[in-house]
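Just below is one structure, and these are the notes that go with it.
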Amino acid sequence: MRTDDITTSTQPQEGEASDRILTAANVITFARLCLIPVSVALLLQGHDIAAGLLFGFTAATDFVDGMVARKTNTVTKLGQVLDPLVDRLLIIAAVVSLLIVGRLPLWIVVLVLLRDAYLIVGGTYLMGKRGIRVPVSYVGKVGMWFLCIGFAGLLLNVPILTGLGWCDYSFLPGFNGEPYCAFIWFAYIGLIISLTVTVIYTVRGARALSEQNARKREVTDGK
């Protein structure tokens with residue numbers, strides 16, 4: 001079947017996203033969304049262990065909503081947008097909170113926020129204005145997992161090690177000689193992977209946009 005074929009069925013085909021809102025998978029995603037401000041509040045109140053564990057639980061259940069949606073054939077358009085949005089909000093909440101309590105340097109926070117703002121704005125434009133959805137990359141999920149593990153460890157703030165002493169820059173925890181949380185290395189690795197995947201998403205989005213424009217020109221020229 002060609003991509004421009006039109007179906008008259010009102011029921012979504014297997015594997016096709018539906019317009020349903022109230023599904024088990026979407027409820028799970030919404031529950032994960034509600035846990036984000038709770039973990040932030042716990043951290044700001046000094047409950048490091050509770051905040052770290054709750055953040056880790058929220059991040060670890062990322063696969064559950066997607067698995068439920070696929071198993072029950074209830075993949076929805078809302079879920080396709082809400083699931084990655086919750087992932088982004090989880091990371092944003094973590095980095096801002098860690099900056100406030102002084103466990104994460106400003107440059108990491110800025111990079112994460114700029115990257116997520118870019119992906120949200122770009123993804124919204126492609127999906128909302130052009131009907132293009134760039135599939136989530138497995139490598140991107142790996143990058144997010146490294147970030148989540150790193151941020152969860154930084155929320156727990158253990159174990160504390162002595163820095164390598166390679167430099168005197170305070171904005172490079174782990175590389176300088178100051179005590180630091182060992183999980184900062186997971187954050188570094190996750191950041192590198194995430195920035196690399198951002199480039200991949202950009203290339204895929206630009207390619208899909210170019211192909212769509214080319215098809216439109218072919219239709220126009222054929223008239």
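Ordering of the structure tokens sets the chain letters (A, B, ...), residue numbers begin anew at 1 in every chain, and ligands are numbered from 1 in the order given.
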Enumerate, in order of chain and increasing residue number, the residues of region 123-190 of chain A with an atom no farther than 12 Å from region 62-71 of chain A, each with its shortest atom pair and distance in Å to one decimal, counting only C-alpha atoms, as CSV.
```
residue,atom,partner,partner_atom,distance
A:Val136,CA,A:Gly66,CA,11.9
A:Tyr138,CA,A:Phe63,CA,11.9
A:Lys141,CA,A:Asp62,CA,9.8
A:Met144,CA,A:Asp62,CA,10.3
A:Trp145,CA,A:Asp62,CA,9.7
A:Cys148,CA,A:Asp62,CA,10.8
```
If we count only C-alpha atoms, what is near region 46-51 of chain A at a cut-off of 10 Å, once residues fewer than 3 positions away on the same chain are taken out, given as a JSON list (two decimals) with N, CA, C and O atoms, in the first residue's frame?
```json
[["chain", "number", "residue", "atom", "x", "y", "z"],
["A", 36, "ILE", "N", 6.90, 13.63, 39.02],
["A", 36, "ILE", "CA", 8.05, 14.52, 38.82],
["A", 36, "ILE", "C", 8.10, 15.64, 39.86],
["A", 36, "ILE", "O", 9.11, 15.82, 40.53],
["A", 38, "VAL", "N", 6.80, 15.75, 42.73],
["A", 38, "VAL", "CA", 6.95, 15.16, 44.06],
["A", 38, "VAL", "C", 8.43, 14.92, 44.36],
["A", 38, "VAL", "O", 8.92, 15.25, 45.46],
["A", 39, "SER", "N", 9.17, 14.37, 43.38],
["A", 39, "SER", "CA", 10.60, 14.12, 43.60],
["A", 39, "SER", "C", 11.36, 15.42, 43.76],
["A", 39, "SER", "O", 12.30, 15.51, 44.57],
["A", 40, "VAL", "N", 10.96, 16.47, 43.03],
["A", 40, "VAL", "CA", 11.61, 17.78, 43.16],
["A", 40, "VAL", "C", 11.38, 18.34, 44.56],
["A", 40, "VAL", "O", 12.31, 18.83, 45.22],
["A", 41, "ALA", "N", 10.14, 18.26, 45.04],
["A", 41, "ALA", "CA", 9.81, 18.77, 46.37],
["A", 41, "ALA", "C", 10.59, 18.04, 47.46],
["A", 41, "ALA", "O", 11.10, 18.66, 48.41],
["A", 42, "LEU", "N", 10.73, 16.73, 47.30],
["A", 42, "LEU", "CA", 11.48, 15.94, 48.29],
["A", 42, "LEU", "C", 12.95, 16.38, 48.33],
["A", 42, "LEU", "O", 13.53, 16.51, 49.42],
["A", 43, "LEU", "N", 13.54, 16.62, 47.18],
["A", 43, "LEU", "CA", 14.95, 17.04, 47.14],
["A", 43, "LEU", "C", 15.13, 18.40, 47.80],
["A", 43, "LEU", "O", 16.04, 18.59, 48.61],
["A", 54, "LEU", "N", 12.63, 7.97, 44.16],
["A", 54, "LEU", "CA", 11.41, 8.27, 43.40],
["A", 54, "LEU", "C", 11.75, 8.66, 41.96],
["A", 54, "LEU", "O", 11.08, 8.24, 41.02],
["A", 55, "PHE", "N", 12.81, 9.45, 41.80],
["A", 55, "PHE", "CA", 13.25, 9.80, 40.45],
["A", 55, "PHE", "C", 13.66, 8.56, 39.68],
["A", 55, "PHE", "O", 13.30, 8.39, 38.51],
["A", 56, "GLY", "N", 14.42, 7.67, 40.35],
["A", 56, "GLY", "CA", 14.84, 6.43, 39.70],
["A", 56, "GLY", "C", 13.67, 5.57, 39.30],
["A", 56, "GLY", "O", 13.66, 4.98, 38.21],
["A", 57, "PHE", "N", 12.66, 5.48, 40.16],
["A", 57, "PHE", "CA", 11.45, 4.70, 39.86],
["A", 57, "PHE", "C", 10.72, 5.30, 38.65],
["A", 57, "PHE", "O", 10.30, 4.57, 37.75],
["A", 94, "ALA", "N", 15.09, 17.36, 36.92],
["A", 94, "ALA", "CA", 16.26, 16.86, 37.65],
["A", 94, "ALA", "C", 17.43, 17.84, 37.59],
["A", 94, "ALA", "O", 18.04, 18.15, 38.62],
["A", 101, "VAL", "N", 20.55, 22.86, 44.29],
["A", 101, "VAL", "CA", 21.22, 22.34, 45.49],
["A", 101, "VAL", "C", 22.74, 22.27, 45.31],
["A", 101, "VAL", "O", 23.45, 21.78, 46.20],
["A", 152, "ALA", "N", 19.93, 10.37, 39.15],
["A", 152, "ALA", "CA", 19.42, 9.67, 40.33],
["A", 152, "ALA", "C", 20.53, 9.53, 41.37],
["A", 152, "ALA", "O", 20.31, 9.74, 42.57],
["A", 153, "GLY", "N", 21.75, 9.18, 40.92],
["A", 153, "GLY", "CA", 22.88, 9.07, 41.84],
["A", 153, "GLY", "C", 23.26, 10.40, 42.45],
["A", 153, "GLY", "O", 23.60, 10.49, 43.64],
["A", 154, "LEU", "N", 23.18, 11.47, 41.66],
["A", 154, "LEU", "CA", 23.48, 12.81, 42.18],
["A", 154, "LEU", "C", 22.42, 13.26, 43.17],
["A", 154, "LEU", "O", 22.72, 14.00, 44.12],
["A", 155, "LEU", "N", 21.18, 12.84, 42.95],
["A", 155, "LEU", "CA", 20.13, 13.15, 43.93],
["A", 155, "LEU", "C", 20.40, 12.44, 45.25],
["A", 155, "LEU", "O", 20.23, 13.02, 46.33],
["A", 156, "LEU", "N", 20.84, 11.18, 45.16],
["A", 156, "LEU", "CA", 21.20, 10.42, 46.36],
["A", 156, "LEU", "C", 22.47, 10.99, 47.00],
["A", 156, "LEU", "O", 22.68, 10.88, 48.21],
["A", 157, "ASN", "N", 23.36, 11.54, 46.13],
["A", 157, "ASN", "CA", 24.61, 12.17, 46.56],
["A", 157, "ASN", "C", 25.58, 11.17, 47.20],
["A", 157, "ASN", "O", 26.29, 11.48, 48.17],
["A", 158, "VAL", "N", 25.63, 9.96, 46.66],
["A", 158, "VAL", "CA", 26.58, 8.93, 47.09],
["A", 158, "VAL", "C", 26.99, 8.12, 45.86],
["A", 158, "VAL", "O", 26.20, 8.00, 44.90]]
```
- Query: Nearest to Arg32 (chain A) among A:Thr124, A:Thr58, A:Thr72, A:Asn213, with distances taken over only C-alpha atoms: which residue is it?
  - Reply: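 Among the listed residues, the smallest separation from Arg32 (chain A) belongs to A:Thr58.
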task = Could you tell me, as a ChimeraX atom specification, which residues of region 45-139 of chain A DSSP assigns to alpha helix (DSSP H) when given the backbone?
result = /A:48-60,62-71,77-100,106-124,138-139
If you count only C-alpha atoms, the residue of A:Val112, A:Phe186, A:Gly177, A:Gln80 closest to Met127 (chain A) turns out to be A:Gln80
Subject >> Between CA of Ala214 (chain A) and CA of Tyr118 (chain A), distance in Å (one decimal) >> reply: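 Going from CA of Ala214 (chain A) over to CA of Tyr118 (chain A) covers 24.9 Å.
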Checklist line | Test item: residues at most 8 Å from Ile160 (chain A), only C-alpha atoms, excluding those fewer than 6 positions along its chain, as a list in words | finding: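 The residues that qualify are Pro179, Tyr180, Cys181 and Ala182 of chain A.
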Straight-line distance linking CA of Val75 (chain A) with CA of Leu113 (chain A), stated in Å to one decimal |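 About the pair CA of Val75 (chain A) and CA of Leu113 (chain A): they are 28.3 Å apart.
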- Can you list, as a ChimeraX atom specification, every residue of region 111-201 of chain A that DSSP puts in strand (DSSP E)? /A:160-162,179-181
How about saving the chosen residues, N, CA and C atoms kept, as a tab-separated table (two decimals), in the first residue's frame?
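New file result28.tsv:
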```
chain	number	residue	atom	x	y	z
A	160	ILE	N	30.73	9.60	47.50
A	160	ILE	CA	31.54	10.80	47.34
A	160	ILE	C	33.01	10.38	47.22
A	161	LEU	N	33.65	10.79	46.12
A	161	LEU	CA	35.04	10.44	45.87
A	161	LEU	C	35.89	11.71	45.76
A	162	THR	N	37.21	11.51	45.75
A	162	THR	CA	38.14	12.63	45.54
A	162	THR	C	38.39	12.80	44.05
A	179	PRO	N	36.05	17.01	46.14
A	179	PRO	CA	35.18	15.83	46.31
A	179	PRO	C	33.96	15.93	45.39
A	180	TYR	N	33.54	14.81	44.85
A	180	TYR	CA	32.41	14.81	43.92
A	180	TYR	C	31.66	13.49	44.02
A	181	CYS	N	30.44	13.50	43.51
A	181	CYS	CA	29.63	12.27	43.48
A	181	CYS	C	30.03	11.48	42.23
```
* Which one is closest to Gly79 (chain A): A:Leu191, A:Ala25, A:Leu209, A:Cys34? Count only C-alpha atoms. ->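 For Gly79 (chain A), the nearest of the given residues is A:Ala25.
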